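**Q** One structure, pasted below without further comment.
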Amino acid sequence: MAQTRGAGYRFLTDKYKLRHIAHWRSSFVTDSKTGRHSLIDNDVREEFYPARNWPGERACDHLEFAIKYDGINLALLCSLFRHIEPQELADFILEQPRQHSTPQALVSV
């Protein structure tokens with residue numbers, strides 16, 4: 001039988017046992033052979049991703065996944081930032097590759 005684990009906001013709300021207004025989308029990662037698929041029931045969307053999409057075990061890995069795939073939920077983010085250590089978040093941000101882009105207005109002609 002395939003194993004399914006919560007990812008993104010779902011992982012984080014379970015990890016920190018957060019009580020919050022239900023988010024409109026929950027993500028799961030499964031080791032089944034099916035590809036990515038969705039289920040929609042009563043305006044709640046459940047997204048299932050293949051195992052290669054597992055973000056990792058750290059809270060910040062799931063926070064990044066949530067922001068990318070689950071959308072922005074400010075109330076939930078506010079609750080999460082009370083639980084994620086500031087140094088953990090700072091370290092995560094600093095280890096991410098930087099993308100350099102210069103707005104066209106700042107490029108000298």
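We label chains A, B, ... in the order they appear in the structure tokens, count residues from 1 in each chain, and number ligands from 1 in the order shown.
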Excluding Thr34 of chain A and any residue of its chain fewer than 3 positions from it, enumerate the residues within 12 Å of it, using only C-alpha atoms, and give them as an NGL selection string.
**A** :A and (2 or 4 or 29-31 or 37-38 or 48-51)
**Q** For segment 58-64 of chain A, find every residue with an atom within 7 Å (counting only C-alpha atoms), except residues of its own chain fewer than 6 positions away, and show them as a count of residues only.
**A** 7
**Q** Determine the nearest neighbour of Gly35 of chain A from the options A:Asp91, A:Glu85, A:Asp14, A:Glu47, counting only C-alpha atoms.
**A**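 Ranked by minimum distance to Gly35 of chain A, first place goes to A:Glu47.
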**Q** Counting only C-alpha atoms, figure out which residue out of A:Ile40, A:Ser79, A:Tyr69, A:Arg45 gets nearest to His20 of chain A.
**A**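 Of A:Ile40, A:Ser79, A:Tyr69, A:Arg45, the one nearest His20 of chain A, counting only C-alpha atoms, is A:Ser79.
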**Q** Quick check for you: according to DSSP on this backbone, which residues of chain A are classed as alpha helix (DSSP H)? Reply as a PyMOL selection string.
**A** chain A and resi 9-16+59-65+74-81+86-95
**Q** Let's have the selection written as a PDB file, in the first residue's frame, with C-alpha atoms.
**A**
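Result file selection.pdb:
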```
ATOM      1  CA  TYR A   9       1.136  23.739   5.130  1.00  0.00           C
ATOM      2  CA  ARG A  10      -0.312  20.303   5.916  1.00  0.00           C
ATOM      3  CA  PHE A  11       3.050  19.055   7.225  1.00  0.00           C
ATOM      4  CA  LEU A  12       3.606  22.246   9.230  1.00  0.00           C
ATOM      5  CA  THR A  13       0.158  22.383  10.829  1.00  0.00           C
ATOM      6  CA  ASP A  14       0.517  18.732  11.869  1.00  0.00           C
ATOM      7  CA  LYS A  15       4.090  19.235  13.152  1.00  0.00           C
ATOM      8  CA  TYR A  16       3.224  22.258  15.285  1.00  0.00           C
ATOM      9  CA  ALA A  59      10.152  23.073   8.661  1.00  0.00           C
ATOM     10  CA  CYS A  60      11.655  25.659   6.288  1.00  0.00           C
ATOM     11  CA  ASP A  61      11.671  23.141   3.424  1.00  0.00           C
ATOM     12  CA  HIS A  62       7.921  22.753   3.891  1.00  0.00           C
ATOM     13  CA  LEU A  63       7.437  26.493   4.302  1.00  0.00           C
ATOM     14  CA  GLU A  64       9.088  27.034   0.900  1.00  0.00           C
ATOM     15  CA  PHE A  65       6.952  24.244  -0.611  1.00  0.00           C
ATOM     16  CA  LEU A  74      -1.229  35.148   6.031  1.00  0.00           C
ATOM     17  CA  ALA A  75      -3.002  33.919   9.171  1.00  0.00           C
ATOM     18  CA  LEU A  76      -1.308  30.551   8.906  1.00  0.00           C
ATOM     19  CA  LEU A  77       2.087  32.139   8.188  1.00  0.00           C
ATOM     20  CA  CYS A  78       1.667  34.364  11.248  1.00  0.00           C
ATOM     21  CA  SER A  79       1.040  31.279  13.410  1.00  0.00           C
ATOM     22  CA  LEU A  80       3.974  29.416  11.871  1.00  0.00           C
ATOM     23  CA  PHE A  81       6.424  32.238  12.519  1.00  0.00           C
ATOM     24  CA  PRO A  86      14.255  32.843  13.821  1.00  0.00           C
ATOM     25  CA  GLN A  87      17.792  31.466  13.438  1.00  0.00           C
ATOM     26  CA  GLU A  88      16.485  28.408  11.571  1.00  0.00           C
ATOM     27  CA  LEU A  89      14.646  30.683   9.151  1.00  0.00           C
ATOM     28  CA  ALA A  90      17.651  33.007   8.736  1.00  0.00           C
ATOM     29  CA  ASP A  91      19.995  30.070   8.058  1.00  0.00           C
ATOM     30  CA  PHE A  92      17.566  28.668   5.489  1.00  0.00           C
ATOM     31  CA  ILE A  93      17.319  31.995   3.668  1.00  0.00           C
ATOM     32  CA  LEU A  94      21.096  32.452   3.621  1.00  0.00           C
ATOM     33  CA  GLU A  95      21.725  28.987   2.172  1.00  0.00           C
TER      34      GLU A  95
END
```
**Q** If you run DSSP on the backbone here, which positions in segment 14-104 of chain A get strand (DSSP E or B)? Please write them as a ChimeraX atom specification.
**A** /A:25-30,37-41,44-50
**Q** To one decimal place, how far is atom CA of Arg5 of chain A from atom CA of Arg36 of chain A in Å?
**A** 13.9 Å
**Q** Ranking A:His23, A:His83, A:Arg98, A:Lys33 by minimum distance to Ala66 of chain A and counting only C-alpha atoms, which one comes first?
**A**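 Between A:His23, A:His83, A:Arg98, A:Lys33, the residue approaching Ala66 of chain A most closely is A:His23.
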